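Pasting entry14.csv here (CSV, N, CA and C atoms and all ligand atoms):
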```csv
chain,number,residue,atom,x,y,z
B,1,MET,N,87.1,-55.8,-20.7
B,1,MET,CA,86.2,-56.3,-19.7
B,1,MET,C,84.8,-56.5,-20.2
B,2,GLU,N,84.3,-55.5,-21.0
B,2,GLU,CA,82.9,-55.5,-21.5
B,2,GLU,C,82.8,-56.6,-22.6
B,3,LEU,N,83.9,-56.9,-23.3
B,3,LEU,CA,83.9,-57.9,-24.3
B,3,LEU,C,84.0,-59.3,-23.8
B,4,ALA,N,84.4,-59.5,-22.6
B,4,ALA,CA,84.7,-60.8,-22.0
B,4,ALA,C,83.6,-61.8,-22.2
B,5,PRO,N,82.3,-61.4,-21.9
B,5,PRO,CA,81.2,-62.5,-22.1
B,5,PRO,C,81.1,-62.9,-23.5
B,6,LEU,N,81.2,-62.0,-24.5
B,6,LEU,CA,81.2,-62.4,-25.9
B,6,LEU,C,82.3,-63.3,-26.3
B,7,TRP,N,83.5,-62.9,-25.8
B,7,TRP,CA,84.7,-63.7,-26.0
B,7,TRP,C,84.6,-65.1,-25.5
B,8,VAL,N,84.1,-65.2,-24.3
B,8,VAL,CA,83.9,-66.6,-23.7
B,8,VAL,C,82.9,-67.4,-24.5
B,9,LYS,N,81.8,-66.8,-24.9
B,9,LYS,CA,80.8,-67.5,-25.6
B,9,LYS,C,81.3,-68.0,-27.0
B,10,GLU,N,82.1,-67.1,-27.7
B,10,GLU,CA,82.6,-67.5,-29.0
B,10,GLU,C,83.6,-68.7,-28.8
B,11,ALA,N,84.5,-68.6,-27.7
B,11,ALA,CA,85.5,-69.6,-27.5
B,11,ALA,C,84.8,-70.9,-27.2
B,12,ARG,N,83.7,-70.9,-26.4
B,12,ARG,CA,83.1,-72.1,-25.9
B,12,ARG,C,82.3,-72.8,-27.1
B,13,GLU,N,81.9,-72.0,-28.0
B,13,GLU,CA,81.1,-72.5,-29.2
B,13,GLU,C,82.1,-73.0,-30.3
B,14,GLY,N,83.4,-72.7,-30.1
B,14,GLY,CA,84.4,-73.2,-31.1
B,14,GLY,C,84.3,-72.4,-32.4
B,15,ARG,N,83.8,-71.2,-32.3
B,15,ARG,CA,83.5,-70.5,-33.6
B,15,ARG,C,84.6,-69.6,-34.1
B,16,ASN,N,85.8,-69.6,-33.3
B,16,ASN,CA,86.9,-68.7,-33.8
B,16,ASN,C,87.8,-69.5,-34.7
B,17,SER,N,87.5,-69.3,-36.0
B,17,SER,CA,88.2,-70.1,-37.0
B,17,SER,C,89.7,-69.6,-37.1
B,18,THR,N,89.9,-68.4,-36.7
B,18,THR,CA,91.3,-67.9,-36.8
B,18,THR,C,92.2,-68.8,-35.9
B,19,ARG,N,91.6,-69.1,-34.7
B,19,ARG,CA,92.4,-69.9,-33.8
B,19,ARG,C,92.4,-71.4,-34.2
B,20,ASN,N,91.1,-71.9,-34.4
B,20,ASN,CA,91.0,-73.4,-34.7
B,20,ASN,C,91.8,-73.7,-36.0
B,21,GLY,N,91.7,-72.9,-37.0
B,21,GLY,CA,92.2,-73.3,-38.3
B,21,GLY,C,93.6,-72.8,-38.6
B,22,LEU,N,93.9,-71.6,-38.1
B,22,LEU,CA,95.1,-70.9,-38.5
B,22,LEU,C,96.2,-70.9,-37.4
B,23,LEU,N,95.9,-70.5,-36.2
B,23,LEU,CA,96.9,-70.2,-35.2
B,23,LEU,C,97.3,-71.5,-34.4
B,24,ASP,N,96.3,-72.3,-34.1
B,24,ASP,CA,96.5,-73.5,-33.2
B,24,ASP,C,97.7,-74.3,-33.8
B,25,PRO,N,97.6,-74.7,-35.0
B,25,PRO,CA,98.7,-75.7,-35.5
B,25,PRO,C,100.1,-75.2,-35.3
B,26,PRO,N,100.5,-73.9,-35.7
B,26,PRO,CA,101.9,-73.5,-35.5
B,26,PRO,C,102.2,-73.3,-34.0
B,27,ILE,N,101.2,-72.9,-33.2
B,27,ILE,CA,101.5,-72.7,-31.8
B,27,ILE,C,101.7,-74.1,-31.1
B,28,LEU,N,100.8,-75.0,-31.4
B,28,LEU,CA,101.0,-76.4,-30.9
B,28,LEU,C,102.3,-77.0,-31.3
B,29,GLU,N,102.7,-76.7,-32.6
B,29,GLU,CA,104.0,-77.2,-33.0
B,29,GLU,C,105.1,-76.6,-32.3
B,30,ALA,N,105.0,-75.3,-32.0
B,30,ALA,CA,106.1,-74.6,-31.2
B,30,ALA,C,106.2,-75.2,-29.8
B,31,CYS,N,105.0,-75.5,-29.2
B,31,CYS,CA,105.0,-76.1,-27.9
B,31,CYS,C,105.7,-77.5,-27.8
B,32,GLY,N,105.6,-78.2,-28.9
B,32,GLY,CA,106.1,-79.6,-29.0
B,32,GLY,C,105.3,-80.5,-28.1
B,33,ASP,N,106.0,-81.6,-27.7
B,33,ASP,CA,105.4,-82.6,-26.9
B,33,ASP,C,105.3,-82.1,-25.5
B,34,VAL,N,104.1,-81.9,-25.0
B,34,VAL,CA,103.9,-81.3,-23.6
B,34,VAL,C,103.6,-82.4,-22.6
B,35,GLU,N,103.7,-83.6,-23.0
B,35,GLU,CA,103.4,-84.7,-22.1
B,35,GLU,C,104.3,-84.6,-20.8
B,36,GLY,N,103.6,-84.5,-19.7
B,36,GLY,CA,104.4,-84.4,-18.4
B,36,GLY,C,105.0,-83.1,-18.0
B,37,LEU,N,104.7,-82.1,-18.8
B,37,LEU,CA,105.4,-80.8,-18.6
B,37,LEU,C,104.4,-79.9,-17.7
B,38,SER,N,105.1,-79.0,-17.0
B,38,SER,CA,104.3,-77.9,-16.3
B,38,SER,C,104.4,-76.6,-17.2
B,39,VAL,N,103.3,-76.0,-17.5
B,39,VAL,CA,103.2,-75.0,-18.5
B,39,VAL,C,102.6,-73.7,-17.9
B,40,LEU,N,103.2,-72.6,-18.2
B,40,LEU,CA,102.6,-71.3,-17.8
B,40,LEU,C,102.0,-70.7,-19.0
B,41,ASP,N,100.7,-70.3,-19.0
B,41,ASP,CA,100.1,-69.6,-20.1
B,41,ASP,C,99.8,-68.2,-19.7
B,42,CYS,N,100.6,-67.3,-20.3
B,42,CYS,CA,100.4,-65.8,-20.0
B,42,CYS,C,99.3,-65.2,-20.9
B,43,GLY,N,98.3,-64.7,-20.2
B,43,GLY,CA,97.2,-64.1,-20.9
B,43,GLY,C,96.3,-65.2,-21.5
B,44,CYS,N,95.9,-66.1,-20.6
B,44,CYS,CA,95.2,-67.3,-21.0
B,44,CYS,C,93.7,-67.1,-21.4
B,45,GLY,N,93.2,-65.9,-21.2
B,45,GLY,CA,91.8,-65.7,-21.5
B,45,GLY,C,90.9,-66.6,-20.7
B,46,GLU,N,89.9,-67.3,-21.4
B,46,GLU,CA,89.0,-68.1,-20.7
B,46,GLU,C,89.5,-69.6,-20.6
B,47,GLY,N,90.8,-69.8,-20.9
B,47,GLY,CA,91.4,-71.0,-20.6
B,47,GLY,C,91.4,-72.1,-21.7
B,48,ARG,N,91.0,-71.7,-22.9
B,48,ARG,CA,90.8,-72.6,-24.0
B,48,ARG,C,92.2,-73.4,-24.3
B,49,PHE,N,93.3,-72.6,-24.4
B,49,PHE,CA,94.5,-73.2,-24.8
B,49,PHE,C,95.1,-74.0,-23.6
B,50,CYS,N,94.8,-73.6,-22.4
B,50,CYS,CA,95.3,-74.4,-21.2
B,50,CYS,C,94.6,-75.8,-21.3
B,51,ARG,N,93.3,-75.8,-21.6
B,51,ARG,CA,92.6,-77.1,-21.6
B,51,ARG,C,93.1,-78.0,-22.7
B,52,ILE,N,93.5,-77.3,-23.9
B,52,ILE,CA,94.1,-78.1,-24.9
B,52,ILE,C,95.4,-78.7,-24.5
B,53,LEU,N,96.2,-78.0,-23.7
B,53,LEU,CA,97.5,-78.5,-23.3
B,53,LEU,C,97.3,-79.6,-22.3
B,54,VAL,N,96.3,-79.5,-21.4
B,54,VAL,CA,95.9,-80.6,-20.5
B,54,VAL,C,95.5,-81.8,-21.3
B,55,GLU,N,94.7,-81.6,-22.3
B,55,GLU,CA,94.3,-82.8,-23.1
B,55,GLU,C,95.5,-83.5,-23.8
B,56,ARG,N,96.5,-82.7,-24.1
B,56,ARG,CA,97.7,-83.2,-24.7
B,56,ARG,C,98.7,-83.8,-23.7
B,57,GLY,N,98.3,-83.8,-22.5
B,57,GLY,CA,99.1,-84.6,-21.5
B,57,GLY,C,100.0,-83.7,-20.6
B,58,ALA,N,99.8,-82.4,-20.6
B,58,ALA,CA,100.6,-81.5,-19.7
B,58,ALA,C,100.3,-82.0,-18.2
B,59,ARG,N,101.3,-82.0,-17.4
B,59,ARG,CA,101.1,-82.4,-16.0
B,59,ARG,C,100.3,-81.3,-15.2
B,60,TYR,N,100.7,-80.1,-15.5
B,60,TYR,CA,100.1,-78.9,-14.8
B,60,TYR,C,100.1,-77.7,-15.7
B,61,VAL,N,99.0,-76.9,-15.7
B,61,VAL,CA,99.0,-75.7,-16.5
B,61,VAL,C,98.5,-74.6,-15.6
B,62,LEU,N,99.3,-73.5,-15.5
B,62,LEU,CA,98.8,-72.3,-14.8
B,62,LEU,C,98.5,-71.2,-15.8
B,63,GLY,N,97.2,-70.8,-15.8
B,63,GLY,CA,96.8,-69.7,-16.7
B,63,GLY,C,96.7,-68.4,-15.9
B,64,LEU,N,97.3,-67.4,-16.5
B,64,LEU,CA,97.3,-66.1,-15.8
B,64,LEU,C,96.6,-65.1,-16.8
B,65,ASP,N,95.7,-64.3,-16.2
B,65,ASP,CA,95.1,-63.2,-17.0
B,65,ASP,C,94.7,-62.1,-16.1
B,66,SER,N,94.7,-60.9,-16.6
B,66,SER,CA,94.4,-59.7,-15.8
B,66,SER,C,92.9,-59.4,-15.8
B,67,CYS,N,92.1,-60.1,-16.5
B,67,CYS,CA,90.7,-59.9,-16.6
B,67,CYS,C,90.0,-60.9,-15.7
B,68,GLU,N,89.3,-60.4,-14.7
B,68,GLU,CA,88.7,-61.2,-13.7
B,68,GLU,C,87.6,-62.1,-14.3
B,69,LEU,N,86.8,-61.6,-15.3
B,69,LEU,CA,85.8,-62.4,-15.9
B,69,LEU,C,86.4,-63.6,-16.6
B,70,MET,N,87.5,-63.4,-17.3
B,70,MET,CA,88.2,-64.5,-18.0
B,70,MET,C,88.6,-65.5,-17.0
B,71,ILE,N,89.2,-65.1,-15.9
B,71,ILE,CA,89.7,-66.1,-14.9
B,71,ILE,C,88.5,-66.9,-14.3
B,72,GLU,N,87.4,-66.2,-14.0
B,72,GLU,CA,86.3,-66.9,-13.5
B,72,GLU,C,85.7,-67.9,-14.5
B,73,ALA,N,85.7,-67.5,-15.8
B,73,ALA,CA,85.2,-68.4,-16.8
B,73,ALA,C,86.1,-69.6,-16.9
B,74,ALA,N,87.4,-69.4,-16.9
B,74,ALA,CA,88.4,-70.5,-17.0
B,74,ALA,C,88.2,-71.5,-15.8
B,75,GLN,N,88.0,-70.9,-14.6
B,75,GLN,CA,87.9,-71.7,-13.4
B,75,GLN,C,86.6,-72.6,-13.5
B,76,GLU,N,85.6,-72.2,-14.2
B,76,GLU,CA,84.4,-73.0,-14.3
B,76,GLU,C,84.7,-74.4,-15.0
B,77,LEU,N,85.7,-74.4,-15.9
B,77,LEU,CA,85.9,-75.6,-16.6
B,77,LEU,C,87.2,-76.3,-16.2
B,78,GLN,N,87.8,-75.9,-15.1
B,78,GLN,CA,89.1,-76.4,-14.7
B,78,GLN,C,89.0,-77.9,-14.3
B,79,SER,N,90.0,-78.7,-14.6
B,79,SER,CA,89.9,-80.1,-14.5
B,79,SER,C,90.7,-80.7,-13.3
B,80,GLY,N,91.6,-79.9,-12.7
B,80,GLY,CA,92.4,-80.5,-11.6
B,80,GLY,C,93.9,-80.4,-12.0
B,81,ARG,N,94.2,-80.4,-13.3
B,81,ARG,CA,95.6,-80.2,-13.7
B,81,ARG,C,95.8,-78.8,-14.2
B,82,ASP,N,94.7,-78.0,-14.3
B,82,ASP,CA,94.9,-76.6,-14.7
B,82,ASP,C,94.3,-75.7,-13.6
B,83,GLU,N,95.0,-74.6,-13.4
B,83,GLU,CA,94.6,-73.6,-12.5
B,83,GLU,C,94.7,-72.2,-13.1
B,84,TYR,N,94.0,-71.3,-12.5
B,84,TYR,CA,93.9,-70.0,-13.1
B,84,TYR,C,94.0,-68.9,-12.0
B,85,ARG,N,94.7,-67.8,-12.4
B,85,ARG,CA,95.0,-66.8,-11.4
B,85,ARG,C,95.0,-65.4,-12.0
B,86,LEU,N,94.4,-64.5,-11.3
B,86,LEU,CA,94.4,-63.1,-11.8
B,86,LEU,C,95.8,-62.5,-11.6
B,87,ALA,N,96.4,-62.1,-12.7
B,87,ALA,CA,97.7,-61.5,-12.5
B,87,ALA,C,98.1,-60.7,-13.8
B,88,ASP,N,99.0,-59.8,-13.6
B,88,ASP,CA,99.6,-59.0,-14.7
B,88,ASP,C,100.8,-59.7,-15.1
B,89,VAL,N,100.9,-60.2,-16.3
B,89,VAL,CA,102.0,-61.0,-16.8
B,89,VAL,C,103.3,-60.2,-17.0
B,90,GLN,N,103.2,-58.9,-16.8
B,90,GLN,CA,104.4,-58.0,-16.9
B,90,GLN,C,105.2,-58.1,-15.6
B,91,ASP,N,104.6,-58.7,-14.5
B,91,ASP,CA,105.3,-58.9,-13.3
B,91,ASP,C,105.0,-60.3,-12.7
B,92,LEU,N,106.0,-61.2,-12.9
B,92,LEU,CA,105.8,-62.6,-12.5
B,92,LEU,C,106.7,-62.9,-11.3
B,93,SER,N,106.9,-61.9,-10.5
B,93,SER,CA,107.8,-62.0,-9.3
B,93,SER,C,107.2,-63.0,-8.3
B,94,PHE,N,105.9,-63.3,-8.4
B,94,PHE,CA,105.3,-64.3,-7.4
B,94,PHE,C,105.6,-65.8,-7.8
B,95,ILE,N,106.2,-65.9,-9.0
B,95,ILE,CA,106.5,-67.3,-9.5
B,95,ILE,C,107.9,-67.7,-9.1
B,96,ASP,N,108.1,-68.9,-8.6
B,96,ASP,CA,109.5,-69.3,-8.2
B,96,ASP,C,110.3,-69.6,-9.5
B,97,ASP,N,111.6,-69.4,-9.4
B,97,ASP,CA,112.5,-69.7,-10.5
B,97,ASP,C,112.3,-71.1,-10.9
B,98,GLU,N,112.4,-71.3,-12.2
B,98,GLU,CA,112.3,-72.7,-12.8
B,98,GLU,C,111.1,-73.5,-12.4
B,99,ALA,N,110.0,-72.8,-12.1
B,99,ALA,CA,108.8,-73.5,-11.7
B,99,ALA,C,108.1,-74.2,-12.9
B,100,PHE,N,108.4,-73.7,-14.1
B,100,PHE,CA,107.7,-74.2,-15.3
B,100,PHE,C,108.7,-74.7,-16.4
B,101,ASP,N,108.3,-75.7,-17.1
B,101,ASP,CA,109.1,-76.2,-18.2
B,101,ASP,C,108.9,-75.4,-19.4
B,102,LEU,N,107.7,-74.8,-19.6
B,102,LEU,CA,107.4,-74.1,-20.8
B,102,LEU,C,106.5,-72.9,-20.5
B,103,ALA,N,106.7,-71.8,-21.2
B,103,ALA,CA,105.8,-70.7,-21.1
B,103,ALA,C,105.2,-70.4,-22.4
B,104,VAL,N,103.9,-70.1,-22.4
B,104,VAL,CA,103.1,-69.8,-23.7
B,104,VAL,C,102.6,-68.4,-23.6
B,105,SER,N,102.6,-67.7,-24.7
B,105,SER,CA,101.9,-66.5,-24.9
B,105,SER,C,101.2,-66.5,-26.2
B,106,TYR,N,99.9,-66.8,-26.1
B,106,TYR,CA,99.1,-66.9,-27.3
B,106,TYR,C,98.3,-65.7,-27.5
B,107,LEU,N,98.7,-64.8,-28.4
B,107,LEU,CA,98.0,-63.5,-28.7
B,107,LEU,C,97.9,-62.7,-27.4
B,108,ASN,N,98.9,-62.7,-26.6
B,108,ASN,CA,98.9,-61.9,-25.4
B,108,ASN,C,99.9,-60.7,-25.4
B,109,GLN,N,101.1,-61.0,-25.9
B,109,GLN,CA,102.1,-59.9,-25.8
B,109,GLN,C,101.7,-58.7,-26.6
B,110,CYS,N,100.9,-58.9,-27.7
B,110,CYS,CA,100.5,-57.7,-28.5
B,110,CYS,C,99.6,-56.8,-27.7
B,111,ASP,N,99.0,-57.3,-26.6
B,111,ASP,CA,98.1,-56.5,-25.7
B,111,ASP,C,98.9,-55.7,-24.7
B,112,LEU,N,100.2,-56.0,-24.5
B,112,LEU,CA,100.9,-55.5,-23.3
B,112,LEU,C,101.6,-54.2,-23.6
B,113,PRO,N,101.4,-53.2,-22.7
B,113,PRO,CA,102.1,-51.9,-22.9
B,113,PRO,C,103.7,-52.2,-23.0
B,114,ASP,N,104.1,-53.2,-22.2
B,114,ASP,CA,105.6,-53.5,-22.1
B,114,ASP,C,105.7,-55.0,-22.3
B,115,PHE,N,105.7,-55.4,-23.6
B,115,PHE,CA,105.8,-56.8,-23.8
B,115,PHE,C,107.2,-57.4,-23.4
B,116,GLU,N,108.2,-56.5,-23.5
B,116,GLU,CA,109.5,-57.0,-23.1
B,116,GLU,C,109.6,-57.3,-21.6
B,117,ALA,N,108.8,-56.7,-20.8
B,117,ALA,CA,108.8,-57.0,-19.4
B,117,ALA,C,108.3,-58.4,-19.2
B,118,ASN,N,107.3,-58.8,-20.0
B,118,ASN,CA,106.8,-60.2,-19.9
B,118,ASN,C,107.9,-61.2,-20.4
B,119,THR,N,108.6,-60.9,-21.4
B,119,THR,CA,109.7,-61.7,-21.9
B,119,THR,C,110.8,-61.9,-20.8
B,120,ARG,N,111.2,-60.7,-20.2
B,120,ARG,CA,112.2,-60.8,-19.2
B,120,ARG,C,111.7,-61.6,-18.0
B,121,GLU,N,110.5,-61.4,-17.6
B,121,GLU,CA,109.9,-62.1,-16.5
B,121,GLU,C,109.9,-63.6,-16.7
B,122,VAL,N,109.5,-64.0,-17.9
B,122,VAL,CA,109.4,-65.4,-18.3
B,122,VAL,C,110.9,-66.0,-18.3
B,123,ASP,N,111.8,-65.3,-18.9
B,123,ASP,CA,113.2,-65.7,-18.9
B,123,ASP,C,113.8,-66.0,-17.5
B,124,SER,N,113.3,-65.1,-16.6
B,124,SER,CA,113.9,-65.3,-15.2
B,124,SER,C,113.1,-66.2,-14.3
B,125,SER,N,112.0,-66.7,-14.8
B,125,SER,CA,111.2,-67.6,-14.0
B,125,SER,C,111.6,-69.1,-14.2
A,201,LIG,C1,93.6,-61.8,-27.5
A,201,LIG,S1,93.3,-62.4,-25.8
A,201,LIG,C2,94.0,-64.0,-26.0
A,201,LIG,C3,93.5,-65.0,-24.9
A,201,LIG,C4,94.0,-66.4,-25.1
A,201,LIG,N1,95.4,-66.5,-25.0
A,201,LIG,C5,93.5,-67.0,-26.3
A,201,LIG,O1,94.2,-67.2,-27.3
A,201,LIG,O2,92.3,-67.3,-26.4
A,201,LIG,C6,94.5,-61.6,-24.8
A,201,LIG,C7,94.3,-61.8,-23.3
A,201,LIG,O3,95.4,-61.1,-22.7
A,201,LIG,C8,94.9,-60.6,-21.4
A,201,LIG,N2,95.7,-59.6,-21.0
A,201,LIG,C9,95.9,-58.3,-21.5
A,201,LIG,N3,96.8,-57.6,-20.7
A,201,LIG,C10,97.3,-58.5,-19.8
A,201,LIG,C11,98.2,-58.4,-18.7
A,201,LIG,N4,98.9,-57.3,-18.5
A,201,LIG,N5,98.4,-59.4,-17.9
A,201,LIG,C12,97.7,-60.6,-18.1
A,201,LIG,N6,96.8,-60.8,-19.1
A,201,LIG,C13,96.6,-59.7,-19.9
A,201,LIG,C14,93.5,-60.2,-21.8
A,201,LIG,O4,92.6,-60.0,-20.7
A,201,LIG,C15,93.0,-61.3,-22.8
A,201,LIG,O5,92.3,-62.3,-22.1
```
Would you mind writing the file out in structure tokens?
Amino acid sequence: MELAPLWVKEAREGRNSTRNGLLDPPILEACGDVEGLSVLDCGCGEGRFCRILVERGARYVLGLDSCELMIEAAQELQSGRDEYRLADVQDLSFIDDEAFDLAVSYLNQCDLPDFEANTREVDSS
């Protein structure tokens, strides 16, 4: 929570070379063609990757994060095809079955006490 403002600033300034240069290409490749898809982003942070997915043609992106400041920051830049919600991704019982075509976890499961719970929840959503 204390680091959130710094995180948001760095993301907005595009200064995170680990993401821009190293992680984005394989994660985007794993996502494939997202044109027309509805996508769930677990642990979306300030929404950077959700916005990238929208730019690449996703029909709808829902970003979930347990940090209120991250969700508020993401909502500041939302475009109409992306939405953000405060939630613990270890419990996705509020999401209807088969509501999403694709689920993304970009550096999120490593933060979870029970990452398998998130995998199970995504599998059953
Ligand atoms: C390393 S950051 C990655 C953020 C974003 N995916 C990105 O790549 O910029 C991990 C994010 O997971 C969120 N997070 C940690 N535990 C969570 C949980 N149980 N449920 C939802 N989000 C969580 C944190 O608040 C943080 O925004």
> What are the DSSP strand (DSSP E) residues of chain B, as an NGL selection string?
Replying inline: :B and (38-42 or 60-65 or 82-86 or 102-105)
> For ligand LIG 201 (chain A), which of B:Glu13, B:Glu29, B:Glu76, B:Asp111 is the closest residue, counting only N, CA and C atoms and all ligand atoms?
Replying inline: B:Asp111
> Counting only N, CA and C atoms, which of B:Asp33, B:Glu2, B:Asp88, B:Glu68 gets nearest to B:Arg56?
Replying inline: B:Asp33
Can I get the residues of chain B within 8 Å of ligand LIG 201 (chain A), each with the closest pair of atoms and their distance in Å to one decimal, using only C-alpha atoms and all ligand atoms, sorted chain first then ascending number, as a Markdown table?
```
| residue | atom | partner | partner_atom | distance |
| --- | --- | --- | --- | --- |
| B:Met1 | CA | A:LIG201 | O4 | 7.5 |
| B:Ala4 | CA | A:LIG201 | O5 | 7.7 |
| B:Ala11 | CA | A:LIG201 | O2 | 7.3 |
| B:Arg19 | CA | A:LIG201 | O1 | 7.3 |
| B:Asp41 | CA | A:LIG201 | N1 | 7.5 |
| B:Cys42 | CA | A:LIG201 | C12 | 6.2 |
| B:Gly43 | CA | A:LIG201 | N6 | 3.8 |
| B:Cys44 | CA | A:LIG201 | N1 | 4.1 |
| B:Gly45 | CA | A:LIG201 | O5 | 3.5 |
| B:Glu46 | CA | A:LIG201 | O2 | 6.6 |
| B:Gly47 | CA | A:LIG201 | O2 | 6.9 |
| B:Arg48 | CA | A:LIG201 | O2 | 6.0 |
| B:Phe49 | CA | A:LIG201 | C5 | 6.5 |
| B:Leu64 | CA | A:LIG201 | C12 | 6.0 |
| B:Asp65 | CA | A:LIG201 | N6 | 3.6 |
| B:Ser66 | CA | A:LIG201 | C12 | 4.1 |
| B:Cys67 | CA | A:LIG201 | O4 | 4.5 |
| B:Met70 | CA | A:LIG201 | O5 | 6.2 |
| B:Leu86 | CA | A:LIG201 | C12 | 7.5 |
| B:Ala87 | CA | A:LIG201 | C12 | 5.7 |
| B:Asp88 | CA | A:LIG201 | N5 | 3.4 |
| B:Val89 | CA | A:LIG201 | N5 | 4.1 |
| B:Gln90 | CA | A:LIG201 | N4 | 5.8 |
| B:Ser105 | CA | A:LIG201 | N1 | 6.5 |
| B:Tyr106 | CA | A:LIG201 | N1 | 4.4 |
| B:Leu107 | CA | A:LIG201 | C2 | 4.9 |
| B:Asn108 | CA | A:LIG201 | C6 | 4.5 |
| B:Gln109 | CA | A:LIG201 | O3 | 7.5 |
| B:Asp111 | CA | A:LIG201 | C9 | 5.1 |
| B:Leu112 | CA | A:LIG201 | N3 | 5.3 |
| B:Pro113 | CA | A:LIG201 | N4 | 7.7 |
```
>> Calculated over only N, CA and C atoms, which of the candidates B:Pro25, B:Arg12, B:Arg81, B:Asp91 has the smallest distance to B:Cys50?
In response: B:Arg81
>> Just want the 6 Å neighbourhood of B:Leu62, counted on only C-alpha atoms, with same-chain residues fewer than 3 positions away dropped. Output as a PyMOL selection string.
In response: chain B and resi 40+82-84
>> Counting all atoms listed in the file, which residues sit no farther than 7 Å from the position (97.8, -78.6, -18.3) in the file's frame? I'd like them as a list in words.
In response: Leu37, Ser38, Val39, Cys50, Arg51, Ile52, Leu53, Val54, Glu55, Gly57, Ala58, Arg59, Tyr60, Val61, Leu62, Arg81, Asp82 and Glu83 of chain B
